[in-house]
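*Asks:* Take a look at work-v3.cif, mmCIF, C-alpha atoms:
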```cif
data_input
#
loop_
_atom_site.label_atom_id
_atom_site.label_comp_id
_atom_site.auth_asym_id
_atom_site.auth_seq_id
_atom_site.Cartn_x
_atom_site.Cartn_y
_atom_site.Cartn_z
CA MET A 1 18.14 -193.83 41.11
CA MET A 2 17.66 -191.88 44.32
CA GLN A 3 14.47 -190.10 43.35
CA SER A 4 11.59 -190.30 45.78
CA SER A 5 8.03 -191.11 44.75
CA HIS A 6 5.88 -188.22 43.57
CA LYS A 7 2.09 -188.08 43.38
CA LYS A 8 0.80 -188.83 39.93
CA TRP A 9 -2.38 -187.60 38.43
CA GLY A 10 -4.85 -188.81 40.98
CA LYS A 11 -8.01 -186.74 40.92
CA LEU A 12 -9.39 -184.64 38.13
CA ALA A 13 -8.25 -181.32 39.58
CA SER A 14 -4.60 -182.29 39.05
CA LEU A 15 -5.12 -181.84 35.31
CA GLY A 16 -5.00 -178.09 35.85
CA ALA A 17 -1.66 -178.21 37.62
CA VAL A 18 -0.19 -180.44 34.95
CA ALA A 19 -1.46 -178.09 32.30
CA VAL A 20 0.60 -175.28 33.79
CA LEU A 21 3.69 -177.05 35.03
CA SER A 22 4.20 -180.15 32.92
CA PHE A 23 3.10 -179.41 29.38
CA SER A 24 6.71 -178.67 28.50
CA VAL A 25 7.47 -182.39 28.75
CA LEU A 26 6.07 -182.75 25.23
CA ALA A 27 5.89 -179.87 22.80
CA ALA A 28 6.45 -178.88 19.18
CA CYS A 29 8.26 -176.11 17.38
CA GLY A 30 6.78 -172.69 16.60
CA ASP A 31 6.93 -169.35 18.36
CA LYS A 32 4.10 -167.10 17.22
CA ALA A 33 1.30 -166.47 19.68
CA ASP A 34 -1.16 -164.95 17.20
CA SER A 35 -0.34 -166.47 13.84
CA GLY A 36 -3.88 -166.87 12.47
CA LYS A 37 -2.48 -169.08 9.70
CA ASP A 38 -3.94 -172.37 8.55
CA THR A 39 -3.69 -174.81 11.44
CA GLY A 40 -4.65 -177.90 9.54
CA ASN A 41 -8.31 -178.19 10.63
CA ASP A 42 -9.82 -175.33 8.59
CA THR A 43 -11.32 -173.65 11.64
CA GLY A 44 -9.41 -170.41 11.20
CA VAL A 45 -9.11 -170.18 14.99
CA THR A 46 -6.12 -168.41 16.45
CA ASP A 47 -4.48 -169.52 19.69
CA THR A 48 -6.35 -166.90 21.69
CA GLY A 49 -9.67 -168.40 20.70
CA LYS A 50 -10.72 -165.65 18.25
CA THR A 51 -11.72 -166.41 14.68
CA ASP A 52 -9.67 -165.31 11.74
CA SER A 53 -11.47 -162.52 9.88
CA GLN A 54 -10.98 -164.32 6.57
CA THR A 55 -12.12 -167.80 7.72
CA LYS A 56 -15.09 -167.93 10.06
CA ASP A 57 -15.49 -170.71 12.59
CA THR A 58 -19.14 -171.67 12.20
CA SER A 59 -19.09 -174.63 14.56
CA LYS A 60 -21.34 -174.83 17.60
CA VAL A 61 -20.61 -172.47 20.52
CA LEU A 62 -19.97 -174.59 23.61
CA ALA A 63 -19.38 -171.76 26.09
CA THR A 64 -19.56 -168.00 26.43
CA TYR A 65 -17.64 -165.97 28.99
CA ASP A 66 -16.81 -162.35 29.70
CA GLY A 67 -14.94 -161.34 26.56
CA GLY A 68 -15.26 -164.37 24.33
CA THR A 69 -16.57 -167.79 23.34
CA VAL A 70 -15.33 -171.36 22.96
CA THR A 71 -16.53 -173.23 19.88
CA GLU A 72 -16.71 -176.94 19.24
CA ASN A 73 -13.83 -176.72 16.73
CA GLN A 74 -11.65 -174.91 19.26
CA PHE A 75 -12.44 -177.43 21.96
CA ASN A 76 -11.73 -180.43 19.75
CA GLU A 77 -8.46 -178.87 18.63
CA GLU A 78 -7.31 -178.41 22.21
CA MET A 79 -8.43 -181.93 23.10
CA ASN A 80 -6.09 -183.23 20.39
CA VAL A 81 -3.27 -181.08 21.78
CA MET A 82 -3.94 -182.39 25.28
CA LYS A 83 -3.83 -185.98 24.07
CA PHE A 84 -0.52 -185.28 22.37
CA LEU A 85 0.98 -183.68 25.47
CA GLN A 86 -0.32 -186.30 27.88
CA PRO A 87 -0.67 -189.54 25.87
CA THR A 88 -0.78 -191.70 29.00
CA TYR A 89 -4.10 -190.14 29.92
CA ALA A 90 -5.58 -189.79 26.43
CA SER A 91 -8.24 -192.46 26.98
CA MET A 92 -9.42 -190.77 30.18
CA MET A 93 -10.06 -187.53 28.35
CA ASP A 94 -13.10 -188.99 26.59
CA SER A 95 -15.07 -189.14 29.85
CA ALA A 96 -17.68 -186.44 30.40
CA GLU A 97 -16.15 -185.41 33.72
CA ILE A 98 -12.77 -184.63 32.22
CA LYS A 99 -14.24 -183.00 29.13
CA ASN A 100 -16.21 -180.65 31.38
CA TYR A 101 -13.07 -179.80 33.32
CA LEU A 102 -11.05 -179.22 30.16
CA LEU A 103 -13.73 -176.91 28.81
CA ASP A 104 -13.52 -174.91 32.06
CA GLN A 105 -9.74 -174.89 31.70
CA GLN A 106 -9.99 -173.60 28.13
CA ILE A 107 -12.31 -170.79 29.23
CA ALA A 108 -9.85 -169.85 31.96
CA TYR A 109 -6.80 -169.79 29.68
CA GLN A 110 -8.55 -167.76 27.00
CA TYR A 111 -9.92 -165.31 29.55
CA LEU A 112 -6.55 -164.82 31.26
CA ASP A 113 -4.79 -164.50 27.91
CA GLY A 114 -7.18 -161.64 27.16
CA LYS A 115 -6.38 -159.99 30.51
CA ALA A 116 -2.60 -160.27 30.14
CA SER A 117 -0.46 -157.25 29.31
CA ASP A 118 1.69 -157.07 26.19
CA ALA A 119 4.78 -157.68 28.35
CA GLU A 120 3.21 -160.79 29.90
CA LYS A 121 2.23 -162.10 26.46
CA LYS A 122 5.75 -161.54 25.19
CA LYS A 123 7.24 -163.35 28.16
CA GLY A 124 4.73 -166.18 27.75
CA ALA A 125 5.72 -166.59 24.11
CA GLU A 126 9.40 -166.64 25.06
CA MET A 127 8.83 -169.29 27.72
CA ALA A 128 6.83 -171.45 25.33
CA LYS A 129 9.47 -171.17 22.63
CA GLU A 130 12.28 -172.13 25.02
CA GLN A 131 10.49 -175.28 26.13
CA ILE A 132 9.36 -176.16 22.63
CA ASP A 133 12.90 -175.77 21.26
CA GLN A 134 14.25 -177.93 24.08
CA PHE A 135 11.92 -180.78 23.18
CA LYS A 136 12.57 -180.34 19.49
CA THR A 137 16.28 -180.78 20.16
CA GLN A 138 15.63 -183.94 22.17
CA VAL A 139 13.51 -185.83 19.64
CA GLY A 140 14.46 -184.35 16.28
CA ASP A 141 12.26 -182.92 13.54
CA GLU A 142 11.10 -186.15 11.90
CA GLN A 143 10.11 -187.86 15.14
CA LEU A 144 8.33 -184.74 16.30
CA LEU A 145 6.29 -184.48 13.11
CA SER A 146 5.35 -188.15 13.36
CA MET A 147 4.19 -187.72 16.96
CA LEU A 148 2.12 -184.68 16.04
CA GLU A 149 0.57 -186.41 13.05
CA GLN A 150 -0.65 -189.29 15.19
CA GLN A 151 -2.87 -186.90 17.17
CA ASN A 152 -3.84 -184.73 14.19
CA VAL A 153 -2.05 -181.73 15.68
CA SER A 154 -0.06 -179.15 13.70
CA GLU A 155 3.12 -177.48 14.95
CA GLU A 156 1.36 -174.14 14.83
CA GLN A 157 -1.59 -175.33 16.92
CA LEU A 158 0.72 -176.70 19.57
CA SER A 159 2.86 -173.58 19.60
CA GLY A 160 -0.19 -171.38 20.00
CA TYR A 161 -1.55 -173.51 22.82
CA MET A 162 1.76 -173.55 24.71
CA THR A 163 2.03 -169.78 24.36
CA LYS A 164 -1.48 -169.29 25.71
CA VAL A 165 -0.80 -171.50 28.73
CA MET A 166 2.47 -169.75 29.51
CA THR A 167 0.82 -166.35 29.11
CA ALA A 168 -1.77 -167.39 31.73
CA VAL A 169 1.09 -168.38 34.03
CA GLN A 170 2.76 -165.03 33.46
CA TYR A 171 -0.45 -163.17 34.20
CA MET A 172 -0.86 -165.06 37.47
CA SER A 173 2.83 -164.52 38.29
CA GLY A 174 2.14 -160.80 38.08
CA GLN A 175 -0.45 -161.24 40.83
CA VAL A 176 2.13 -162.72 43.23
CA THR A 177 3.68 -160.19 45.65
CA ASP A 178 7.26 -160.18 46.93
CA GLU A 179 5.89 -160.73 50.44
CA GLU A 180 4.11 -163.90 49.27
CA VAL A 181 7.34 -165.15 47.68
CA GLN A 182 9.32 -164.63 50.89
CA LYS A 183 6.65 -166.30 53.02
CA GLU A 184 6.45 -169.35 50.74
CA TYR A 185 10.24 -169.71 50.67
CA ASP A 186 10.55 -169.46 54.44
CA SER A 187 7.80 -172.04 54.94
CA ASN A 188 9.05 -174.59 52.36
CA LYS A 189 12.73 -173.86 51.96
CA GLU A 190 13.80 -177.43 51.31
CA ALA A 191 11.50 -177.60 48.29
CA TYR A 192 13.55 -174.90 46.55
CA VAL A 193 17.13 -175.92 47.43
CA THR A 194 19.14 -177.22 44.47
CA ALA A 195 22.58 -178.81 44.41
CA ASP A 196 25.36 -180.23 42.25
CA VAL A 197 26.16 -183.64 43.75
CA ARG A 198 28.55 -186.44 42.87
CA HIS A 199 27.92 -189.84 44.34
CA ILE A 200 29.05 -193.44 44.05
CA LEU A 201 26.41 -196.07 44.72
CA ILE A 202 27.39 -199.46 46.02
CA GLY A 203 24.16 -201.35 45.58
CA LEU A 204 22.78 -204.41 47.32
CA THR A 205 23.04 -206.17 43.96
CA ASP A 206 26.25 -206.19 41.91
CA ALA A 207 26.65 -205.55 38.18
CA GLU A 208 26.02 -209.24 37.39
CA GLY A 209 22.80 -209.29 39.39
CA LYS A 210 24.25 -211.19 42.35
CA GLU A 211 22.90 -210.06 45.70
CA ARG A 212 25.23 -208.56 48.30
CA THR A 213 24.68 -208.63 52.01
CA ASP A 214 24.43 -205.30 53.79
CA ALA A 215 27.83 -205.93 55.35
CA GLU A 216 29.43 -206.66 51.96
CA ALA A 217 28.02 -203.47 50.45
CA LYS A 218 29.15 -201.40 53.44
CA LYS A 219 32.65 -202.88 53.30
CA LEU A 220 33.05 -202.04 49.61
CA ALA A 221 31.70 -198.52 50.18
CA ASP A 222 34.24 -197.97 52.95
CA GLU A 223 37.03 -199.16 50.64
CA VAL A 224 35.96 -196.70 47.93
CA LYS A 225 35.73 -193.90 50.53
CA ALA A 226 39.29 -194.69 51.63
CA LYS A 227 40.51 -194.34 48.04
CA LEU A 228 38.84 -190.92 47.83
CA ASP A 229 40.41 -189.85 51.12
CA LYS A 230 43.81 -190.67 49.62
CA GLY A 231 43.09 -188.25 46.77
CA GLU A 232 41.95 -190.52 43.98
CA ASP A 233 39.71 -188.93 41.36
CA PHE A 234 36.00 -189.03 42.25
CA ALA A 235 34.75 -189.12 38.64
CA ALA A 236 37.09 -191.99 37.73
CA LEU A 237 36.06 -194.04 40.76
CA ALA A 238 32.39 -193.37 40.01
CA LYS A 239 32.80 -194.80 36.52
CA GLU A 240 34.58 -197.83 37.98
CA TYR A 241 32.43 -198.60 41.00
CA SER A 242 29.10 -196.79 40.92
CA GLU A 243 26.01 -198.88 40.18
CA ASP A 244 23.72 -195.94 39.55
CA PRO A 245 22.98 -196.06 35.79
CA GLY A 246 21.74 -192.47 35.86
CA SER A 247 25.08 -190.95 36.83
CA ALA A 248 27.97 -193.46 36.72
CA GLU A 249 29.11 -192.64 33.19
CA ASN A 250 28.94 -188.94 34.06
CA GLY A 251 31.42 -189.34 36.88
CA GLY A 252 28.62 -189.69 39.42
CA LEU A 253 27.36 -186.15 38.79
CA TYR A 254 23.81 -184.87 39.17
CA GLU A 255 23.84 -181.19 38.31
CA ASP A 256 21.50 -178.44 39.55
CA GLN A 257 18.94 -180.89 40.91
CA PRO A 258 16.10 -180.09 43.36
CA VAL A 259 17.13 -181.70 46.63
CA SER A 260 13.50 -182.49 47.38
CA ASN A 261 13.52 -185.05 44.52
CA TRP A 262 15.72 -187.46 46.42
CA VAL A 263 14.98 -190.09 49.05
CA GLU A 264 15.14 -188.83 52.62
CA GLU A 265 18.61 -190.08 53.62
CA PHE A 266 20.24 -188.82 50.43
CA LYS A 267 18.42 -185.49 50.72
CA LYS A 268 19.52 -185.06 54.36
CA ALA A 269 23.16 -185.66 53.46
CA THR A 270 22.96 -183.23 50.54
CA LEU A 271 21.52 -180.54 52.80
CA GLU A 272 23.90 -181.06 55.72
CA GLN A 273 27.29 -182.13 54.33
CA LYS A 274 29.94 -179.46 53.91
CA VAL A 275 30.38 -178.37 50.31
CA GLY A 276 33.46 -179.95 48.70
CA VAL A 277 33.91 -182.62 51.38
CA VAL A 278 33.36 -186.34 50.76
CA GLY A 279 31.04 -187.68 53.43
CA ASP A 280 30.88 -191.08 55.07
CA PRO A 281 28.78 -193.69 53.23
CA VAL A 282 25.05 -193.04 53.54
CA LYS A 283 22.61 -195.96 53.49
CA THR A 284 19.34 -195.78 51.52
CA GLU A 285 17.00 -198.41 50.14
CA TYR A 286 19.32 -198.63 47.11
CA GLY A 287 22.51 -199.40 49.01
CA TYR A 288 25.39 -197.21 50.23
CA HIS A 289 26.21 -193.83 48.70
CA ILE A 290 29.49 -191.95 48.93
CA ILE A 291 28.44 -188.34 48.43
CA LYS A 292 30.27 -185.13 47.59
CA VAL A 293 28.25 -181.91 47.42
CA GLU A 294 29.98 -179.71 44.86
CA LYS A 295 27.51 -176.79 45.03
CA ARG A 296 24.40 -176.02 47.03
CA ASN A 297 22.01 -173.18 46.28
CA ASP A 298 20.07 -172.55 49.49
CA THR A 299 19.50 -168.79 49.32
CA LEU A 300 16.61 -166.79 47.89
CA ASN A 301 18.40 -165.44 44.83
CA ASP A 302 16.67 -164.15 41.69
CA GLU A 303 16.53 -167.60 40.08
CA VAL A 304 14.92 -169.15 43.15
CA LYS A 305 12.49 -166.23 43.42
CA GLU A 306 11.25 -167.00 39.91
CA SER A 307 10.81 -170.65 40.82
CA VAL A 308 8.81 -169.74 43.94
CA ARG A 309 6.78 -167.20 42.01
CA SER A 310 5.90 -169.80 39.36
CA ALA A 311 4.76 -172.28 42.01
CA LEU A 312 2.55 -169.62 43.61
CA ALA A 313 1.21 -168.64 40.19
CA SER A 314 0.10 -172.22 39.66
CA THR A 315 -1.68 -172.16 43.01
CA LYS A 316 -3.41 -168.90 42.10
CA LEU A 317 -4.49 -170.36 38.77
CA ASN A 318 -6.07 -173.35 40.50
CA GLU A 319 -7.78 -170.98 42.95
CA PHE A 320 -9.10 -168.97 39.99
CA MET A 321 -10.50 -172.17 38.47
CA GLU A 322 -12.21 -173.10 41.73
CA ASN A 323 -13.43 -169.71 42.94
CA ASP A 324 -13.68 -167.19 40.09
CA LEU A 325 -14.35 -169.07 36.86
CA LYS A 326 -18.06 -169.53 37.51
CA GLY A 327 -18.49 -165.77 37.85
CA ILE A 328 -17.04 -164.99 34.42
CA THR A 329 -18.77 -167.88 32.62
CA LYS A 330 -22.09 -166.87 31.09
CA SER A 331 -23.13 -170.19 29.55
CA LYS A 332 -21.54 -173.59 29.16
CA GLU A 333 -22.61 -176.89 27.65
CA GLU A 334 -22.34 -179.89 29.95
CA PHE A 335 -20.94 -183.11 28.52
CA LYS A 336 -22.60 -186.32 29.65
CA ASP A 337 -21.48 -189.92 29.37
CA GLU A 338 -23.72 -192.23 27.39
CA GLU A 339 -25.86 -194.37 29.66
CA ALA A 340 -25.34 -198.10 29.52
CA PRO A 341 -28.37 -199.98 28.15
CA ALA A 342 -30.65 -201.37 30.87
CA ALA A 343 -30.54 -205.09 31.50
CA GLU A 344 -33.32 -207.06 29.74
CA GLY A 345 -36.39 -207.41 31.91
CA THR A 346 -35.68 -204.45 34.24
CA ASP A 347 -37.19 -201.55 32.30
CA GLY A 348 -40.78 -202.65 31.97
CA THR A 349 -40.19 -205.05 29.08
CA SER A 350 -41.03 -208.69 29.46
CA THR A 351 -38.65 -211.55 29.97
CA GLU A 352 -38.72 -214.38 27.48
CA GLY A 353 -42.26 -215.72 27.10
CA THR A 354 -43.78 -213.30 29.64
CA PRO A 355 -45.35 -209.98 28.58
CA ALA A 356 -44.67 -206.93 30.75
CA ASP A 357 -48.28 -206.72 31.91
CA GLY A 358 -47.97 -209.92 33.88
CA THR A 359 -50.16 -212.02 31.59
CA SER A 360 -49.32 -215.19 29.80
CA THR A 361 -49.20 -215.41 26.05
CA ASP A 362 -52.83 -216.61 25.94
CA GLY A 363 -54.06 -213.71 28.05
CA ALA A 364 -54.12 -215.51 31.41
CA GLU A 365 -52.45 -213.87 34.38
CA VAL A 366 -49.07 -215.31 35.29
CA GLU A 367 -49.15 -216.85 38.71
CA GLY A 368 -47.32 -214.93 41.40
CA THR A 369 -46.96 -211.67 39.48
CA ASP A 370 -48.68 -208.36 39.88
CA GLN A 371 -50.06 -206.79 36.74
CA GLY A 372 -47.59 -204.23 35.38
CA ALA A 373 -44.79 -205.30 37.78
CA ALA A 374 -41.43 -206.76 36.82
CA THR A 375 -41.48 -210.53 36.39
CA ASP A 376 -39.23 -211.22 39.34
CA GLN A 377 -38.89 -208.93 42.32
CA GLY A 378 -35.34 -207.80 42.94
CA THR A 379 -34.08 -208.26 39.40
CA ASP A 380 -33.51 -204.56 38.77
CA ALA A 381 -30.03 -204.10 37.32
CA PRO A 382 -27.67 -201.79 39.21
CA ALA A 383 -27.11 -198.36 37.70
CA ALA A 384 -24.15 -198.12 35.37
CA ASP A 385 -21.03 -196.66 36.92
CA GLU A 386 -20.55 -193.21 35.42
CA SER A 387 -17.97 -191.81 37.81
CA GLY A 388 -15.49 -190.87 35.11
CA ASP A 389 -12.95 -190.43 37.91
CA ALA A 390 -9.37 -190.25 36.69
CA GLY A 391 -8.38 -192.00 39.87
CA SER A 392 -5.25 -193.80 38.78
CA ASP A 393 -1.92 -192.42 39.96
CA ALA A 394 1.23 -192.29 37.84
CA GLY A 395 4.75 -191.47 38.82
CA THR A 396 7.49 -189.41 37.30
CA SER A 397 11.11 -190.27 36.83
CA THR A 398 14.04 -188.33 35.55
CA ASP A 399 17.62 -189.11 34.63
CA GLY A 400 17.25 -192.73 35.58
CA LYS A 401 17.14 -191.90 39.25
#
```
Translate this file's structure into structure tokens.
*Replies:*
Amino acid sequence: MMQSSHKKWGKLASLGAVAVLSFSVLAACGDKADSGKDTGNDTGVTDTGKTDSQTKDTSKVLATYDGGTVTENQFNEEMNVMKFLQPTYASMMDSAEIKNYLLDQQIAYQYLDGKASDAEKKKGAEMAKEQIDQFKTQVGDEQLLSMLEQQNVSEEQLSGYMTKVMTAVQYMSGQVTDEEVQKEYDSNKEAYVTADVRHILIGLTDAEGKERTDAEAKKLADEVKAKLDKGEDFAALAKEYSEDPGSAENGGLYEDQPVSNWVEEFKKATLEQKVGVVGDPVKTEYGYHIIKVEKRNDTLNDEVKESVRSALASTKLNEFMENDLKGITKSKEEFKDEEAPAAEGTDGTSTEGTPADGTSTDGAEVEGTDQGAATDQGTDAPAADESGDAGSDAGTSTDGK
């Protein structure tokens, strides 16, 4: 309810960041990084991009890089995985621009997977398994299998892909120094503060949908605050009065949440109120909030260090894509969108009843036309739009906030 707007996928480059940070939103079960078993498409390709010694991948090589290749079968397999993980953007992935980016991304992940140490690969596999198991618990086995089947993706393919991505993150995490972690934390501290917060929202619309005036909402919020000051139970009052569907039934509790997720007024109160003390009602665009901060983590402990390190690893991965990938890529096929057919009469062909050479059907020259010219000056059709830009933005929401 109190979550602020976040940037969605706007430009193409954001695909890389999503690949690292958000693929855990959708995932399947499986925990082996180098299974080499049948993946359901008969390519015999393992998650690291190498071919199984018993089943050769004979499909076309789309790219070569220092240490390996990417084949057409491998690329198509990962495209299916991408469409499963990000179904909202599946239609965009058929554009040449995005295909070219995803091929670059695949080269990068395979290359970094090859550079990673055994410890980094082990950690990457553990991270992938944790996130995969979490999603499996959320949706259940049958629903998961149905979702995978729709995109022609096997559990093993998805597990291998997730492991490879997380291994790349781990490799880049190993390139982040302690000094870089401290500097990032000091510069963007609010982005890493988390808190356990209870709140009661008195909205500008009541439970029956009837609008309240600002004064009416403030009056009711003050009455609820007075009850809390007299010692009444916060969780019980939240269930009775709060109009935030994301937390009311949980006694108003949001647990271990990034403070930066919330709208400015709510965030400010969470950062500044004394822990354990119920503050005065705070007004936001949603109404009035009575807030109690139960715990606030605003120090650079080991857990926060890992969060900062992961964020910096993502930045380093994007920098690798932009600055270093070209140097390790030896050859790469470029995808191109199909050109739209030219409008009739603009490509040298005649319009109805008029040959392209400017003569009439009986061989006489058509009045007002130059031989070999188009039949009507200025009728050239505009070039087809081939931008392929994934320019639409999409938001994120969690916990009904």
*Asks:* Could you tell me which residues the PyMOL selection byres ((chain A and resi 198-206) around 9) returns for this structure, as a VMD selection string?
*Replies:* chain A and resid 196 to 197 207 to 214 216 to 218 220 to 221 224 234 to 235 237 to 239 241 to 244 247 to 248 251 to 255 285 to 294
*Asks:* So that I have them on file, write out the residues from the current selection with C-alpha atoms, as a PDB file, in the coordinates of the input.
*Replies:*
```pdb
ATOM      1  CA  ASP A 196      25.360-180.230  42.250  1.00  0.00           C
ATOM      2  CA  VAL A 197      26.160-183.640  43.750  1.00  0.00           C
ATOM      3  CA  ALA A 207      26.650-205.550  38.180  1.00  0.00           C
ATOM      4  CA  GLU A 208      26.020-209.240  37.390  1.00  0.00           C
ATOM      5  CA  GLY A 209      22.800-209.290  39.390  1.00  0.00           C
ATOM      6  CA  LYS A 210      24.250-211.190  42.350  1.00  0.00           C
ATOM      7  CA  GLU A 211      22.900-210.060  45.700  1.00  0.00           C
ATOM      8  CA  ARG A 212      25.230-208.560  48.300  1.00  0.00           C
ATOM      9  CA  THR A 213      24.680-208.630  52.010  1.00  0.00           C
ATOM     10  CA  ASP A 214      24.430-205.300  53.790  1.00  0.00           C
ATOM     11  CA  GLU A 216      29.430-206.660  51.960  1.00  0.00           C
ATOM     12  CA  ALA A 217      28.020-203.470  50.450  1.00  0.00           C
ATOM     13  CA  LYS A 218      29.150-201.400  53.440  1.00  0.00           C
ATOM     14  CA  LEU A 220      33.050-202.040  49.610  1.00  0.00           C
ATOM     15  CA  ALA A 221      31.700-198.520  50.180  1.00  0.00           C
ATOM     16  CA  VAL A 224      35.960-196.700  47.930  1.00  0.00           C
ATOM     17  CA  PHE A 234      36.000-189.030  42.250  1.00  0.00           C
ATOM     18  CA  ALA A 235      34.750-189.120  38.640  1.00  0.00           C
ATOM     19  CA  LEU A 237      36.060-194.040  40.760  1.00  0.00           C
ATOM     20  CA  ALA A 238      32.390-193.370  40.010  1.00  0.00           C
ATOM     21  CA  LYS A 239      32.800-194.800  36.520  1.00  0.00           C
ATOM     22  CA  TYR A 241      32.430-198.600  41.000  1.00  0.00           C
ATOM     23  CA  SER A 242      29.100-196.790  40.920  1.00  0.00           C
ATOM     24  CA  GLU A 243      26.010-198.880  40.180  1.00  0.00           C
ATOM     25  CA  ASP A 244      23.720-195.940  39.550  1.00  0.00           C
ATOM     26  CA  SER A 247      25.080-190.950  36.830  1.00  0.00           C
ATOM     27  CA  ALA A 248      27.970-193.460  36.720  1.00  0.00           C
ATOM     28  CA  GLY A 251      31.420-189.340  36.880  1.00  0.00           C
ATOM     29  CA  GLY A 252      28.620-189.690  39.420  1.00  0.00           C
ATOM     30  CA  LEU A 253      27.360-186.150  38.790  1.00  0.00           C
ATOM     31  CA  TYR A 254      23.810-184.870  39.170  1.00  0.00           C
ATOM     32  CA  GLU A 255      23.840-181.190  38.310  1.00  0.00           C
ATOM     33  CA  GLU A 285      17.000-198.410  50.140  1.00  0.00           C
ATOM     34  CA  TYR A 286      19.320-198.630  47.110  1.00  0.00           C
ATOM     35  CA  GLY A 287      22.510-199.400  49.010  1.00  0.00           C
ATOM     36  CA  TYR A 288      25.390-197.210  50.230  1.00  0.00           C
ATOM     37  CA  HIS A 289      26.210-193.830  48.700  1.00  0.00           C
ATOM     38  CA  ILE A 290      29.490-191.950  48.930  1.00  0.00           C
ATOM     39  CA  ILE A 291      28.440-188.340  48.430  1.00  0.00           C
ATOM     40  CA  LYS A 292      30.270-185.130  47.590  1.00  0.00           C
ATOM     41  CA  VAL A 293      28.250-181.910  47.420  1.00  0.00           C
ATOM     42  CA  GLU A 294      29.980-179.710  44.860  1.00  0.00           C
TER      43      GLU A 294
END
```
*Asks:* Care to translate the PyMOL selection byres ((chain A and resi 173-177) around 9) into actual residues of this file, as a PDB file with C-alpha atoms, in the frame of the given file?
*Replies:*
```pdb
ATOM      1  CA  GLU A 120       3.210-160.790  29.900  1.00  0.00           C
ATOM      2  CA  ALA A 168      -1.770-167.390  31.730  1.00  0.00           C
ATOM      3  CA  VAL A 169       1.090-168.380  34.030  1.00  0.00           C
ATOM      4  CA  GLN A 170       2.760-165.030  33.460  1.00  0.00           C
ATOM      5  CA  TYR A 171      -0.450-163.170  34.200  1.00  0.00           C
ATOM      6  CA  MET A 172      -0.860-165.060  37.470  1.00  0.00           C
ATOM      7  CA  ASP A 178       7.260-160.180  46.930  1.00  0.00           C
ATOM      8  CA  GLU A 179       5.890-160.730  50.440  1.00  0.00           C
ATOM      9  CA  GLU A 180       4.110-163.900  49.270  1.00  0.00           C
ATOM     10  CA  VAL A 181       7.340-165.150  47.680  1.00  0.00           C
ATOM     11  CA  GLN A 182       9.320-164.630  50.890  1.00  0.00           C
ATOM     12  CA  GLU A 306      11.250-167.000  39.910  1.00  0.00           C
ATOM     13  CA  ARG A 309       6.780-167.200  42.010  1.00  0.00           C
ATOM     14  CA  SER A 310       5.900-169.800  39.360  1.00  0.00           C
ATOM     15  CA  ALA A 311       4.760-172.280  42.010  1.00  0.00           C
ATOM     16  CA  LEU A 312       2.550-169.620  43.610  1.00  0.00           C
ATOM     17  CA  ALA A 313       1.210-168.640  40.190  1.00  0.00           C
ATOM     18  CA  SER A 314       0.100-172.220  39.660  1.00  0.00           C
ATOM     19  CA  LYS A 316      -3.410-168.900  42.100  1.00  0.00           C
TER      20      LYS A 316
END
```
*Asks:* Between A:Lys227, A:Leu317, A:Leu102, A:Asp141, which has the minimum distance to Met166 of chain A (counting only C-alpha atoms)?
*Replies:*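 Among A:Lys227, A:Leu317, A:Leu102, A:Asp141, it is A:Leu317 that comes nearest to Met166 of chain A.
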*Asks:* Interatomic distance between atom CA of Val193 of chain A and atom CA of Ala269 of chain A?
*Replies:* 12.9 Å
*Asks:* Looking at only C-alpha atoms, which of A:Thr64, A:Gln143, A:Thr71, A:Thr163 is the one that sits closest to Lys123 of chain A?
*Replies:* A:Thr163
*Asks:* Take atom CA of Phe135 of chain A and atom CA of Gly114 of chain A and report the distance between them in Å, one decimal.
*Replies:*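 Distance reported for this atom pair: 27.3 Å.
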*Asks:* What do you get, as a ChimeraX atom specification, if you spell out every residue that the PyMOL selection byres ((chain A and resi 146-154) around 7) selects here?
*Replies:* /A:39-40,80-81,84,142-145,155-158
*Asks:* One decimal, in Å: what's the spacing between atom CA of Lys268 of chain A and atom CA of Ala191 of chain A?
*Replies:*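 Pair atom CA of Lys268 of chain A / atom CA of Ala191 of chain A returns 12.5 Å.
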*Asks:* Quick one: of A:Val165, A:Met82, A:Val70, A:Leu112, who's nearest to Asp94 of chain A, counting all atoms listed in the file?
*Replies:* A:Met82
*Asks:* Which of these residues is nearest to Ser260 of chain A, using all atoms listed in the file: A:Thr194, A:Gln110, A:Thr329, A:Thr299?
*Replies:*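 For Ser260 of chain A, the nearest of the given residues is A:Thr194.
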*Asks:* Show which residues sit within 8 Å of Tyr192 of chain A, as a list in words. Count all atoms listed in the file, and ignore same-chain residues fewer than 4 positions away.
*Replies:*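 With the cut-off at 8 Å, the set is Tyr185, Asn188, Pro258, Val259, Ser260, Asp298, Val304, Ser307 and Val308 of chain A.
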*Asks:* For each of A:Lys332, A:Lys129, A:Arg296, A:Lys189, take the minimum atom-to-atom distance to Glu272 of chain A, counting all atoms listed in the file, then give the residue where this is smallest.
*Replies:*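 Smallest distance to Glu272 of chain A is found for A:Arg296.
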*Asks:* Between A:Glu265, A:Thr88, A:Asp104, A:Gly276, which residue has the minimum interatomic distance to Ser331 of chain A, considering only C-alpha atoms?
*Replies:*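 When distances to Ser331 of chain A are compared using only C-alpha atoms, the smallest one comes from A:Asp104.
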